[in-house]
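Structure first, commentary second.
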Amino acid sequence: VNIAIYDISGRCVMERIVEVEGGGEAELYFEVSGLSSGIYTLNASDGDNSTSERFLIVK
């Protein structure tokens with residue numbers, strides 16, 4: 001699964017490829033202390049399916 005985090009201007013600020021065995025759910029942790037306060041979008045894609053969620057970082 002390809003995980004990418006984009007800032008509000010659409011610039012990719014973090015990307016990670018994660019192996020998820022057997023499908024289903026997985027918990028992922030990202031170190032975001034290096035990111036500024038603001039709105040970000042997390043995109044997850046496995047090639048066939050994709051989803052995105054917006055989230056807010058407040059410092």
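In the structure tokens, each chain is lettered A, B, ... as it comes, each chain's residues begin at 1, and ligands are numbered from 1 in order of appearance.
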
For the structure I just gave you, how does DSSP split chain A - specifically, which residues are strand (DSSP E or B)? Reply as an MDAnalysis selection string. chainID A and resid 2:6 12:17 38:45 50:57

Write the selection just made, keeping C-alpha atoms, as a PDB file, in the first residue's frame?
```pdb
ATOM      1  CA  ASN A   2       1.360   3.409  -0.935  1.00  0.00           C
ATOM      2  CA  ILE A   3       0.704   6.065   1.716  1.00  0.00           C
ATOM      3  CA  ALA A   4       1.340   9.721   0.877  1.00  0.00           C
ATOM      4  CA  ILE A   5       0.716  12.901   2.860  1.00  0.00           C
ATOM      5  CA  TYR A   6       0.167  16.168   0.984  1.00  0.00           C
ATOM      6  CA  CYS A  12       3.918  15.579  -1.125  1.00  0.00           C
ATOM      7  CA  VAL A  13       5.558  16.009   2.301  1.00  0.00           C
ATOM      8  CA  MET A  14       5.809  12.343   3.291  1.00  0.00           C
ATOM      9  CA  GLU A  15       5.515   9.009   1.513  1.00  0.00           C
ATOM     10  CA  ARG A  16       5.747   5.415   2.669  1.00  0.00           C
ATOM     11  CA  ILE A  17       5.117   1.997   1.141  1.00  0.00           C
ATOM     12  CA  GLY A  38      -2.064  23.167   8.821  1.00  0.00           C
ATOM     13  CA  ILE A  39      -4.430  20.983   6.841  1.00  0.00           C
ATOM     14  CA  TYR A  40      -3.025  17.861   5.198  1.00  0.00           C
ATOM     15  CA  THR A  41      -4.432  15.050   3.074  1.00  0.00           C
ATOM     16  CA  LEU A  42      -3.438  11.415   3.542  1.00  0.00           C
ATOM     17  CA  ASN A  43      -3.853   9.253   0.428  1.00  0.00           C
ATOM     18  CA  ALA A  44      -3.684   5.459   0.563  1.00  0.00           C
ATOM     19  CA  SER A  45      -3.622   3.370  -2.620  1.00  0.00           C
ATOM     20  CA  SER A  50      -7.643   4.307  -3.037  1.00  0.00           C
ATOM     21  CA  THR A  51      -8.932   6.491  -0.234  1.00  0.00           C
ATOM     22  CA  SER A  52      -8.072   9.890   1.170  1.00  0.00           C
ATOM     23  CA  GLU A  53      -8.651  11.655   4.467  1.00  0.00           C
ATOM     24  CA  ARG A  54      -7.963  15.226   5.514  1.00  0.00           C
ATOM     25  CA  PHE A  55      -6.475  15.962   8.907  1.00  0.00           C
ATOM     26  CA  LEU A  56      -5.307  18.970  10.870  1.00  0.00           C
ATOM     27  CA  ILE A  57      -2.017  19.496  12.690  1.00  0.00           C
TER      28      ILE A  57
END
```

Pick out the residues sitting within 10 Å of A:Val20, and hand them over as a PyMOL selection string; count only C-alpha atoms, and ignore anything fewer than 4 positions along from it in its own chain. chain A and resi 1+24-27+46

Would you mind exporting the chosen residues as a compact mmCIF listing (two decimals), in the first residue's frame, restricted to C-alpha atoms?
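Here's the written file again35.txt:
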```txt
# COMPACT_ATOMS: atom_id res chain seq x y z
CA VAL A 1 0.00 0.00 0.00
CA GLY A 24 -8.01 -6.14 6.44
CA GLU A 25 -6.96 -3.33 8.76
CA ALA A 26 -3.57 -2.07 9.86
CA GLU A 27 -2.38 0.65 12.24
CA ASP A 46 -2.99 -0.29 -3.40
```
